[in-house]
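start_9.cif follows; it contains mmCIF, C-alpha atoms and all ligand atoms.
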```
data_run
#
loop_
_atom_site.label_atom_id
_atom_site.label_comp_id
_atom_site.auth_asym_id
_atom_site.auth_seq_id
_atom_site.Cartn_x
_atom_site.Cartn_y
_atom_site.Cartn_z
CA MET R 18 0.00 0.00 0.00
CA ARG R 19 1.04 3.59 -0.57
CA TYR R 20 0.41 5.88 2.37
CA LEU R 21 0.56 9.64 2.69
CA ILE R 22 1.28 10.91 6.20
CA THR R 23 0.63 14.61 6.71
CA GLY R 24 2.75 15.86 9.58
CA GLY R 25 4.97 12.82 9.06
CA ALA R 26 8.12 14.52 10.32
CA GLY R 27 6.49 15.03 13.70
CA PHE R 28 6.99 12.81 16.70
CA ILE R 29 4.05 10.43 16.17
CA GLY R 30 4.13 10.72 12.36
CA SER R 31 7.75 9.62 12.15
CA HIS R 32 7.05 6.53 14.27
CA LEU R 33 4.01 5.78 12.12
CA ALA R 34 6.16 6.03 8.98
CA GLU R 35 8.60 3.57 10.52
CA GLY R 36 5.78 1.15 11.37
CA LEU R 37 4.36 1.20 7.84
CA LEU R 38 7.75 0.87 6.17
CA GLY R 39 8.53 -1.97 8.55
CA ARG R 40 5.71 -4.05 7.14
CA GLY R 41 6.66 -3.34 3.53
CA ASP R 42 4.42 -0.40 2.65
CA HIS R 43 5.38 2.76 0.77
CA VAL R 44 5.27 6.04 2.68
CA THR R 45 5.31 9.66 1.56
CA VAL R 46 5.47 12.38 4.19
CA ILE R 47 4.44 16.00 3.86
CA ASP R 48 5.52 18.32 6.65
CA ASP R 49 6.24 22.04 6.90
CA LEU R 50 8.67 21.43 9.78
CA SER R 51 6.78 23.91 11.97
CA THR R 52 6.85 21.58 14.96
CA GLY R 53 8.25 18.52 13.17
CA SER R 54 11.92 18.09 12.39
CA ILE R 55 13.97 16.61 9.59
CA ARG R 56 15.97 14.84 12.28
CA ASN R 57 12.90 12.70 13.03
CA ILE R 58 12.96 11.16 9.55
CA GLN R 59 16.69 11.30 8.85
CA HIS R 60 17.07 7.55 9.40
CA LEU R 61 14.30 6.77 6.88
CA LYS R 62 15.81 8.67 3.99
CA GLY R 63 17.81 5.73 2.61
CA ASP R 64 14.71 3.53 2.27
CA PRO R 65 13.62 3.39 -1.40
CA ARG R 66 9.98 3.05 -0.29
CA PHE R 67 10.17 6.35 1.63
CA SER R 68 9.89 9.87 0.26
CA TYR R 69 9.13 13.24 1.78
CA VAL R 70 8.07 16.71 0.74
CA ILE R 71 8.82 19.79 2.80
CA GLY R 72 5.73 21.91 2.29
CA SER R 73 2.46 22.96 3.79
CA VAL R 74 -0.73 20.94 3.64
CA GLU R 75 -2.39 24.35 3.22
CA ASN R 76 -0.93 24.31 -0.30
CA ALA R 77 -4.05 22.62 -1.71
CA PRO R 78 -2.72 21.70 -5.21
CA LEU R 79 0.39 20.11 -3.68
CA THR R 80 -1.67 18.17 -1.15
CA ALA R 81 -4.11 17.03 -3.85
CA GLU R 82 -1.22 15.70 -5.93
CA LEU R 83 0.18 13.75 -2.99
CA VAL R 84 -3.23 12.40 -2.00
CA ASP R 85 -3.78 11.23 -5.59
CA ALA R 86 -0.53 9.28 -5.51
CA ALA R 87 -1.48 7.49 -2.27
CA ASP R 88 -3.94 4.70 -1.49
CA GLN R 89 -4.74 5.92 2.03
CA VAL R 90 -3.98 9.02 4.10
CA PHE R 91 -3.03 9.48 7.72
CA HIS R 92 -3.76 13.13 8.53
CA LEU R 93 -1.59 14.13 11.48
CA ALA R 94 -0.57 17.66 10.47
CA ALA R 95 -1.80 20.00 13.21
CA ALA R 96 -0.71 22.65 15.65
CA VAL R 97 -0.06 20.74 18.86
CA GLY R 98 1.24 21.32 22.37
CA VAL R 99 -0.44 23.41 25.04
CA LYS R 100 2.34 26.01 24.98
CA LEU R 101 1.99 26.60 21.23
CA VAL R 102 -1.78 26.64 21.47
CA VAL R 103 -1.79 29.24 24.22
CA GLU R 104 0.86 31.41 22.56
CA SER R 105 -0.35 31.17 18.94
CA PRO R 106 -4.11 30.63 18.86
CA VAL R 107 -4.58 32.06 15.35
CA ARG R 108 -2.10 29.62 13.93
CA THR R 109 -3.61 26.74 15.91
CA ILE R 110 -7.18 27.34 14.80
CA GLU R 111 -6.33 28.08 11.18
CA THR R 112 -3.87 25.22 10.74
CA ASN R 113 -6.09 22.63 12.34
CA VAL R 114 -9.22 23.52 10.46
CA LYS R 115 -7.76 24.44 7.04
CA THR R 116 -5.49 21.42 6.68
CA THR R 117 -8.28 19.00 7.52
CA GLU R 118 -10.63 20.69 5.03
CA ILE R 119 -8.01 20.41 2.31
CA VAL R 120 -7.06 16.79 3.02
CA LEU R 121 -10.65 15.57 3.23
CA ALA R 122 -11.73 17.41 0.06
CA ALA R 123 -8.78 16.00 -1.90
CA ALA R 124 -9.23 12.46 -0.59
CA CYS R 125 -12.98 12.45 -1.17
CA LYS R 126 -12.58 13.10 -4.90
CA LYS R 127 -11.11 9.61 -5.32
CA ARG R 128 -12.76 8.02 -2.26
CA LYS R 129 -9.42 7.53 -0.48
CA LYS R 130 -9.67 6.49 3.14
CA VAL R 131 -8.47 9.10 5.65
CA PHE R 132 -7.47 8.55 9.27
CA VAL R 133 -7.86 11.88 11.08
CA ALA R 134 -5.68 12.16 14.19
CA SER R 135 -7.54 13.94 16.95
CA THR R 136 -6.81 14.41 20.61
CA SER R 137 -8.08 13.69 24.11
CA GLU R 138 -8.15 17.50 24.50
CA VAL R 139 -11.60 17.37 22.88
CA TYR R 140 -13.04 15.95 26.12
CA GLY R 141 -12.09 19.29 27.68
CA LYS R 142 -12.91 19.51 31.35
CA SER R 143 -15.39 16.68 31.40
CA THR R 144 -15.25 14.86 34.74
CA ASP R 145 -16.98 11.79 33.35
CA VAL R 146 -13.88 9.59 33.73
CA PRO R 147 -13.03 7.29 32.00
CA PHE R 148 -13.83 9.21 28.83
CA ARG R 149 -15.97 7.30 26.37
CA GLU R 150 -16.16 8.25 22.71
CA ASP R 151 -19.91 8.85 23.01
CA GLY R 152 -19.49 11.06 26.10
CA ASP R 153 -20.07 14.81 26.16
CA LEU R 154 -17.30 17.26 25.32
CA VAL R 155 -17.11 19.98 28.00
CA LEU R 156 -15.24 23.07 26.86
CA GLY R 157 -14.58 26.36 28.64
CA PRO R 158 -15.38 29.89 27.40
CA THR R 159 -13.94 31.21 24.13
CA GLU R 160 -12.01 33.88 26.03
CA ARG R 161 -9.78 31.14 27.40
CA GLY R 162 -7.41 30.32 24.56
CA ARG R 163 -6.69 26.76 25.56
CA TRP R 164 -10.12 25.58 24.46
CA SER R 165 -9.51 26.71 20.88
CA TYR R 166 -7.37 23.63 20.37
CA ALA R 167 -10.10 21.26 21.53
CA CYS R 168 -12.69 23.14 19.53
CA SER R 169 -10.62 23.16 16.32
CA LYS R 170 -10.01 19.42 16.59
CA ALA R 171 -13.70 18.82 17.35
CA ILE R 172 -14.54 20.65 14.10
CA ASP R 173 -12.08 18.34 12.32
CA GLU R 174 -13.93 15.37 13.77
CA PHE R 175 -17.35 16.72 12.79
CA LEU R 176 -16.07 17.33 9.27
CA ALA R 177 -14.56 13.86 8.93
CA ILE R 178 -17.77 12.21 10.13
CA ALA R 179 -19.83 14.43 7.81
CA TYR R 180 -17.70 13.42 4.81
CA TRP R 181 -18.54 9.80 5.58
CA ARG R 182 -22.22 10.20 6.38
CA GLU R 183 -23.12 12.75 3.73
CA ARG R 184 -20.67 12.00 0.93
CA HIS R 185 -19.75 8.38 1.62
CA CYS R 186 -16.05 9.16 1.67
CA PRO R 187 -14.37 6.78 4.12
CA THR R 188 -12.90 8.46 7.20
CA LEU R 189 -12.12 7.45 10.77
CA ILE R 190 -10.88 9.29 13.81
CA GLY R 191 -8.36 8.41 16.51
CA ARG R 192 -8.32 10.48 19.70
CA CYS R 193 -4.76 10.18 20.94
CA PHE R 194 -4.26 10.55 24.69
CA ASN R 195 -0.87 11.69 26.04
CA THR R 196 1.56 9.86 23.78
CA VAL R 197 5.25 9.74 24.63
CA GLY R 198 8.47 8.11 23.50
CA PRO R 199 11.79 8.80 21.83
CA ARG R 200 12.00 11.94 19.63
CA GLN R 201 9.21 13.86 21.36
CA THR R 202 10.33 17.40 22.02
CA GLY R 203 9.65 19.35 25.19
CA HIS R 204 9.65 22.64 23.29
CA TYR R 205 5.87 22.81 23.08
CA GLY R 206 5.26 22.03 26.72
CA MET R 207 5.04 18.22 26.74
CA VAL R 208 5.72 17.11 30.25
CA VAL R 209 7.67 13.84 29.93
CA PRO R 210 10.55 15.03 27.71
CA ARG R 211 10.72 18.21 29.81
CA PHE R 212 11.00 16.37 33.14
CA VAL R 213 13.49 13.87 31.71
CA LYS R 214 15.78 16.61 30.37
CA GLN R 215 15.51 18.54 33.62
CA ALA R 216 16.30 15.43 35.66
CA LEU R 217 19.29 14.49 33.48
CA SER R 218 20.79 17.94 33.86
CA ASN R 219 20.01 18.09 37.60
CA GLU R 220 17.72 21.10 37.15
CA ALA R 221 14.56 21.44 39.21
CA LEU R 222 11.57 19.58 37.76
CA THR R 223 8.85 22.12 36.95
CA VAL R 224 5.55 20.72 38.19
CA TYR R 225 2.72 23.09 37.24
CA GLY R 226 0.01 23.80 39.79
CA ASP R 227 -0.09 21.44 42.79
CA GLY R 228 0.81 18.41 40.67
CA GLN R 229 -2.37 16.55 41.68
CA GLN R 230 -3.66 16.60 38.09
CA SER R 231 -3.26 13.20 36.43
CA ARG R 232 -2.65 11.82 32.97
CA CYS R 233 -2.23 8.39 31.32
CA PHE R 234 0.86 8.11 29.16
CA THR R 235 0.99 5.76 26.16
CA HIS R 236 4.15 4.61 24.47
CA VAL R 237 4.20 5.83 20.87
CA SER R 238 4.71 2.28 19.53
CA ASP R 239 1.42 1.20 21.14
CA ALA R 240 -0.33 4.26 19.69
CA VAL R 241 1.06 3.61 16.20
CA ARG R 242 0.06 -0.06 16.30
CA ALA R 243 -3.49 1.02 17.17
CA MET R 244 -3.58 3.62 14.39
CA ILE R 245 -2.48 1.13 11.74
CA ALA R 246 -4.91 -1.57 12.90
CA LEU R 247 -7.80 0.93 12.94
CA MET R 248 -6.92 2.03 9.41
CA ASP R 249 -6.65 -1.58 8.18
CA ALA R 250 -10.06 -2.60 9.54
CA ASP R 251 -13.17 -2.04 7.41
CA HIS R 252 -15.70 -1.75 10.22
CA THR R 253 -13.97 1.27 11.79
CA VAL R 254 -15.07 3.72 9.08
CA GLY R 255 -17.14 6.67 10.30
CA GLU R 256 -16.17 5.94 13.91
CA VAL R 257 -14.17 7.66 16.66
CA TYR R 258 -11.71 5.71 18.83
CA ASN R 259 -9.73 6.57 21.94
CA ILE R 260 -6.08 5.58 21.63
CA GLY R 261 -4.26 5.51 24.94
CA SER R 262 -3.42 3.74 28.14
CA GLU R 263 -5.47 3.42 31.33
CA GLN R 264 -2.45 3.61 33.64
CA GLU R 265 -3.02 6.89 35.45
CA ILE R 266 -0.41 8.93 37.32
CA ARG R 267 -0.45 12.30 39.07
CA ILE R 268 2.04 14.77 37.64
CA ALA R 269 3.80 15.21 41.03
CA ASP R 270 4.23 11.41 41.18
CA LEU R 271 5.46 11.39 37.58
CA ALA R 272 8.16 13.88 38.55
CA GLU R 273 9.22 11.67 41.44
CA ARG R 274 9.23 8.55 39.25
CA ILE R 275 11.42 10.23 36.65
CA ARG R 276 13.77 11.44 39.36
CA VAL R 277 14.15 7.88 40.65
CA LEU R 278 14.56 6.32 37.20
CA THR R 279 17.24 8.83 36.22
CA ASP R 280 18.94 8.67 39.62
CA SER R 281 18.80 12.45 39.62
CA GLU R 282 19.43 14.92 42.39
CA SER R 283 16.98 17.44 40.92
CA GLU R 284 14.55 19.11 43.24
CA ILE R 285 10.86 19.08 42.44
CA GLY R 286 9.53 22.63 42.18
CA PHE R 287 5.93 23.77 41.91
CA THR R 288 5.15 26.61 39.49
CA PRO R 289 1.74 28.32 39.45
CA TYR R 290 -0.09 27.93 36.15
CA GLU R 291 -0.42 31.73 35.72
CA GLN R 292 3.34 32.02 35.64
CA VAL R 293 3.57 29.62 32.71
CA TYR R 294 0.38 30.08 30.73
CA GLY R 295 -0.87 33.49 31.90
CA GLU R 296 -4.03 34.40 33.79
CA ASN R 297 -7.21 32.39 33.33
CA PHE R 298 -5.54 29.15 32.30
CA GLU R 299 -7.57 26.05 33.02
CA ASP R 300 -6.05 22.59 33.25
CA MET R 301 -7.98 19.35 33.37
CA PRO R 302 -7.68 17.43 36.63
CA ARG R 303 -7.93 13.91 35.20
CA ARG R 304 -7.76 12.45 31.74
CA VAL R 305 -8.34 8.71 31.42
CA PRO R 306 -9.57 6.93 28.28
CA SER R 307 -12.11 4.17 28.13
CA LEU R 308 -10.47 1.57 25.89
CA GLU R 309 -13.59 -0.55 25.61
CA LYS R 310 -14.47 0.53 22.07
CA ILE R 311 -11.00 0.15 20.55
CA ASN R 312 -10.54 -3.14 22.35
CA LYS R 313 -13.76 -4.50 20.87
CA ALA R 314 -12.91 -3.19 17.40
CA ILE R 315 -9.31 -4.37 16.99
CA GLY R 316 -8.45 -6.13 20.27
CA PHE R 317 -6.14 -3.28 21.26
CA GLU R 318 -4.41 -3.29 24.63
CA PRO R 319 -1.30 -1.26 25.38
CA GLN R 320 1.75 -3.46 25.84
CA ILE R 321 4.29 -1.06 27.28
CA GLY R 322 3.89 0.04 30.90
CA LEU R 323 4.75 3.44 32.33
CA ASP R 324 8.25 2.66 33.64
CA GLU R 325 9.33 1.11 30.35
CA THR R 326 7.85 4.07 28.48
CA LEU R 327 9.70 6.56 30.68
CA GLN R 328 12.89 4.54 30.35
CA SER R 329 12.69 4.73 26.55
CA VAL R 330 12.55 8.51 26.78
CA ILE R 331 15.41 8.59 29.28
CA ASP R 332 17.57 6.36 27.04
CA TYR R 333 16.79 8.55 24.06
CA GLU R 334 17.57 11.81 25.85
CA ARG R 335 20.83 10.33 27.13
CA SER R 336 21.78 9.41 23.56
CA VAL R 337 21.30 12.88 22.04
CA GLU R 338 23.37 15.92 22.77
CA PRO R 339 21.99 18.12 25.56
CA GLN R 340 19.61 20.81 24.35
CA LEU R 341 17.72 23.54 26.11
CA VAL R 342 14.40 22.33 27.47
N1 LIG B 401 3.15 19.94 33.12
C1 LIG B 401 3.95 20.19 34.21
N2 LIG B 401 5.22 20.66 33.99
C2 LIG B 401 5.73 20.86 32.74
C3 LIG B 401 4.90 20.58 31.62
C4 LIG B 401 3.61 20.13 31.85
O1 LIG B 401 3.55 20.01 35.38
O2 LIG B 401 6.89 21.26 32.62
C5 LIG B 401 1.78 19.41 33.37
C6 LIG B 401 0.67 20.13 32.63
O3 LIG B 401 0.22 21.24 33.35
C7 LIG B 401 -0.39 19.03 32.53
C8 LIG B 401 0.44 17.75 32.42
O4 LIG B 401 1.74 18.07 32.89
O5 LIG B 401 -1.17 18.99 33.69
C9 LIG B 401 0.55 17.22 30.99
O6 LIG B 401 0.99 18.30 30.18
P1 LIG B 401 1.31 18.16 28.63
O7 LIG B 401 1.52 19.54 28.10
O8 LIG B 401 2.39 17.16 28.42
O9 LIG B 401 0.00 17.52 28.02
P2 LIG B 401 -1.57 17.89 28.19
O10 LIG B 401 -2.12 16.73 28.93
O11 LIG B 401 -1.71 19.15 28.97
O12 LIG B 401 -2.04 18.01 26.79
#
```

Kindly return the structure encoded in the file as structure tokens.
Ligand code: UDP
Amino acid sequence: MRYLITGGAGFIGSHLAEGLLGRGDHVTVIDDLSTGSIRNIQHLKGDPRFSYVIGSVENAPLTAELVDAADQVFHLAAAVGVKLVVESPVRTIETNVKTTEIVLAAACKKRKKVFVASTSEVYGKSTDVPFREDGDLVLGPTERGRWSYACSKAIDEFLAIAYWRERHCPTLIGRCFNTVGPRQTGHYGMVVPRFVKQALSNEALTVYGDGQQSRCFTHVSDAVRAMIALMDADHTVGEVYNIGSEQEIRIADLAERIRVLTDSESEIGFTPYEQVYGENFEDMPRRVPSLEKINKAIGFEPQIGLDETLQSVIDYERSVEPQLV
């Protein structure tokens, strides 16, 4: 099969490319390197079944050409990371909505199947844990910039589902929960690479708020396996699936775990949210997926536990030259 991965030089996209190439498929990546990096796909360049284009998905003729040359499309290009979202809301909203419009319109012309990568952010501040795909999305007011990310991705989901229901163009949606692993950058706020880098350089670990908020971290290889199996299955079309792990940890405990695993002497510091994200920032206290639907559909269960996941990030960060967090 020939796959197009938009945002394929990003953290998840580059692992997805590896997974598809590994089973003998052809992969083309389009990425504007806004948050992705050529370093992420450097090791794939020698593979004759791999090609990449540095360009924007917002360039509709270019995207249409690449979609035409592919059998199926993984649409991962998006503005991601809470820091980026809070600092650049215009870019977040425009990128997330425009790119999805362009990809879906191009794919629909030839009825090519599209996997739209969405996010657990869409559940917003729902307290109905674990989050089920048919549960309500609870977003805050429009004056709080964080919610623009969730809202823009929810529009992407509505659009993908509408393309299937109204125009019979095959689409499916994966809501990725906190996904971590080698090559993820901490530049856009992601907590695990940030804590690991801080711990390795014996700097204080920056826990935001009181650290009692919790998340479930999934190893990227589990997430990629789920994405490929969802795409391969026929009965997943028109549906939304959570992709994640149910192993929950408080952020303060995550900091402590990383300190132990790295044998670090770093202190654990607590920084008020306002200091990092400005006034009026709202975080979600818990975010846990229900994996019932994806388990029923493709038998998915995560295979890599939290310690092993953290260790893979630690090993990776130890192997690359130190960079600013
Ligand atoms: N966080 C933190 N310190 C950091 C970066 C993030 O305490 O240096 C917290 C953040 O406030 C959130 C959690 O870690 O509660 C996960 O943050 P991330 O940005 O990785 O993902 P999110 O779940 O917010 O999308």

| message | With all atoms listed in the file as the counted atoms, please give the residues lying no more than 8 Å from Lys142 in chain R, apart from itself and same-chain residues fewer than 6 positions off, as a list in words. | response |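 Listed by chain and then number, they are Leu154, Val155, Leu156, Gly157, Asp300, Met301 and Pro302 of chain R.
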
| task | To one decimal in Å, tell me the separation between CA of Val114 in chain R and CA of Lys170 in chain R. | result |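 Rounded to one decimal, the two atoms are 7.4 Å apart.
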
| task | Kindly work out which residues sit at most 8 Å from ligand LIG 401 (chain B), using all atoms listed in the file, and give the list as JSON, numbers by chain. | result | {"R": [98, 99, 100, 137, 138, 194, 195, 205, 206, 207, 208, 209, 211, 212, 222, 223, 224, 225, 226, 228, 230, 231, 232, 268, 269, 287, 288, 290, 300, 301, 302, 304]}

Within 12 Å of Ile331 in chain R, counting all atoms listed in the file, which residues qualify if same-chain residues fewer than 2 places away don't, as a PDB file with C-alpha atoms, in the coordinates of the input?
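Ended up saving to selection.pdb:
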```pdb
ATOM      1  CA  VAL R 197       5.250   9.740  24.630  1.00  0.00           C
ATOM      2  CA  GLY R 198       8.470   8.110  23.500  1.00  0.00           C
ATOM      3  CA  PRO R 199      11.790   8.800  21.830  1.00  0.00           C
ATOM      4  CA  ARG R 200      12.000  11.940  19.630  1.00  0.00           C
ATOM      5  CA  GLN R 201       9.210  13.860  21.360  1.00  0.00           C
ATOM      6  CA  VAL R 209       7.670  13.840  29.930  1.00  0.00           C
ATOM      7  CA  PRO R 210      10.550  15.030  27.710  1.00  0.00           C
ATOM      8  CA  ARG R 211      10.720  18.210  29.810  1.00  0.00           C
ATOM      9  CA  PHE R 212      11.000  16.370  33.140  1.00  0.00           C
ATOM     10  CA  VAL R 213      13.490  13.870  31.710  1.00  0.00           C
ATOM     11  CA  LYS R 214      15.780  16.610  30.370  1.00  0.00           C
ATOM     12  CA  GLN R 215      15.510  18.540  33.620  1.00  0.00           C
ATOM     13  CA  ALA R 216      16.300  15.430  35.660  1.00  0.00           C
ATOM     14  CA  LEU R 217      19.290  14.490  33.480  1.00  0.00           C
ATOM     15  CA  SER R 218      20.790  17.940  33.860  1.00  0.00           C
ATOM     16  CA  ARG R 274       9.230   8.550  39.250  1.00  0.00           C
ATOM     17  CA  ILE R 275      11.420  10.230  36.650  1.00  0.00           C
ATOM     18  CA  ARG R 276      13.770  11.440  39.360  1.00  0.00           C
ATOM     19  CA  VAL R 277      14.150   7.880  40.650  1.00  0.00           C
ATOM     20  CA  LEU R 278      14.560   6.320  37.200  1.00  0.00           C
ATOM     21  CA  THR R 279      17.240   8.830  36.220  1.00  0.00           C
ATOM     22  CA  ASP R 280      18.940   8.670  39.620  1.00  0.00           C
ATOM     23  CA  SER R 281      18.800  12.450  39.620  1.00  0.00           C
ATOM     24  CA  ASP R 324       8.250   2.660  33.640  1.00  0.00           C
ATOM     25  CA  GLU R 325       9.330   1.110  30.350  1.00  0.00           C
ATOM     26  CA  THR R 326       7.850   4.070  28.480  1.00  0.00           C
ATOM     27  CA  LEU R 327       9.700   6.560  30.680  1.00  0.00           C
ATOM     28  CA  GLN R 328      12.890   4.540  30.350  1.00  0.00           C
ATOM     29  CA  SER R 329      12.690   4.730  26.550  1.00  0.00           C
ATOM     30  CA  TYR R 333      16.790   8.550  24.060  1.00  0.00           C
ATOM     31  CA  GLU R 334      17.570  11.810  25.850  1.00  0.00           C
ATOM     32  CA  ARG R 335      20.830  10.330  27.130  1.00  0.00           C
ATOM     33  CA  SER R 336      21.780   9.410  23.560  1.00  0.00           C
ATOM     34  CA  VAL R 337      21.300  12.880  22.040  1.00  0.00           C
TER      35      VAL R 337
END
```

| field | Coordinates-based distance that separates CA of Ile172 in chain R from CA of Val84 in chain R (Å, one decimal) | value |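 So the answer is 21.3 Å.
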
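Nearest to Gly203 in chain R of all the residues R:Val97, R:Ile315, R:Leu83, R:Val139 is R:Val97, based on all atoms listed in the file.
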
| Residue contacts of range 308-310 of chain R (9 Å, all atoms listed in the file) excluding same-chain residues fewer than 2 positions away, as number ranges by chain | R: 147-150, 257-263, 306, 312-315, 317-318

| query | What does the distance from CA of Thr202 in chain R to CA of Gly25 in chain R come to in Å, to one decimal? | reply |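 Straight-line distance from CA of Thr202 in chain R to CA of Gly25 in chain R works out to 14.8 Å.
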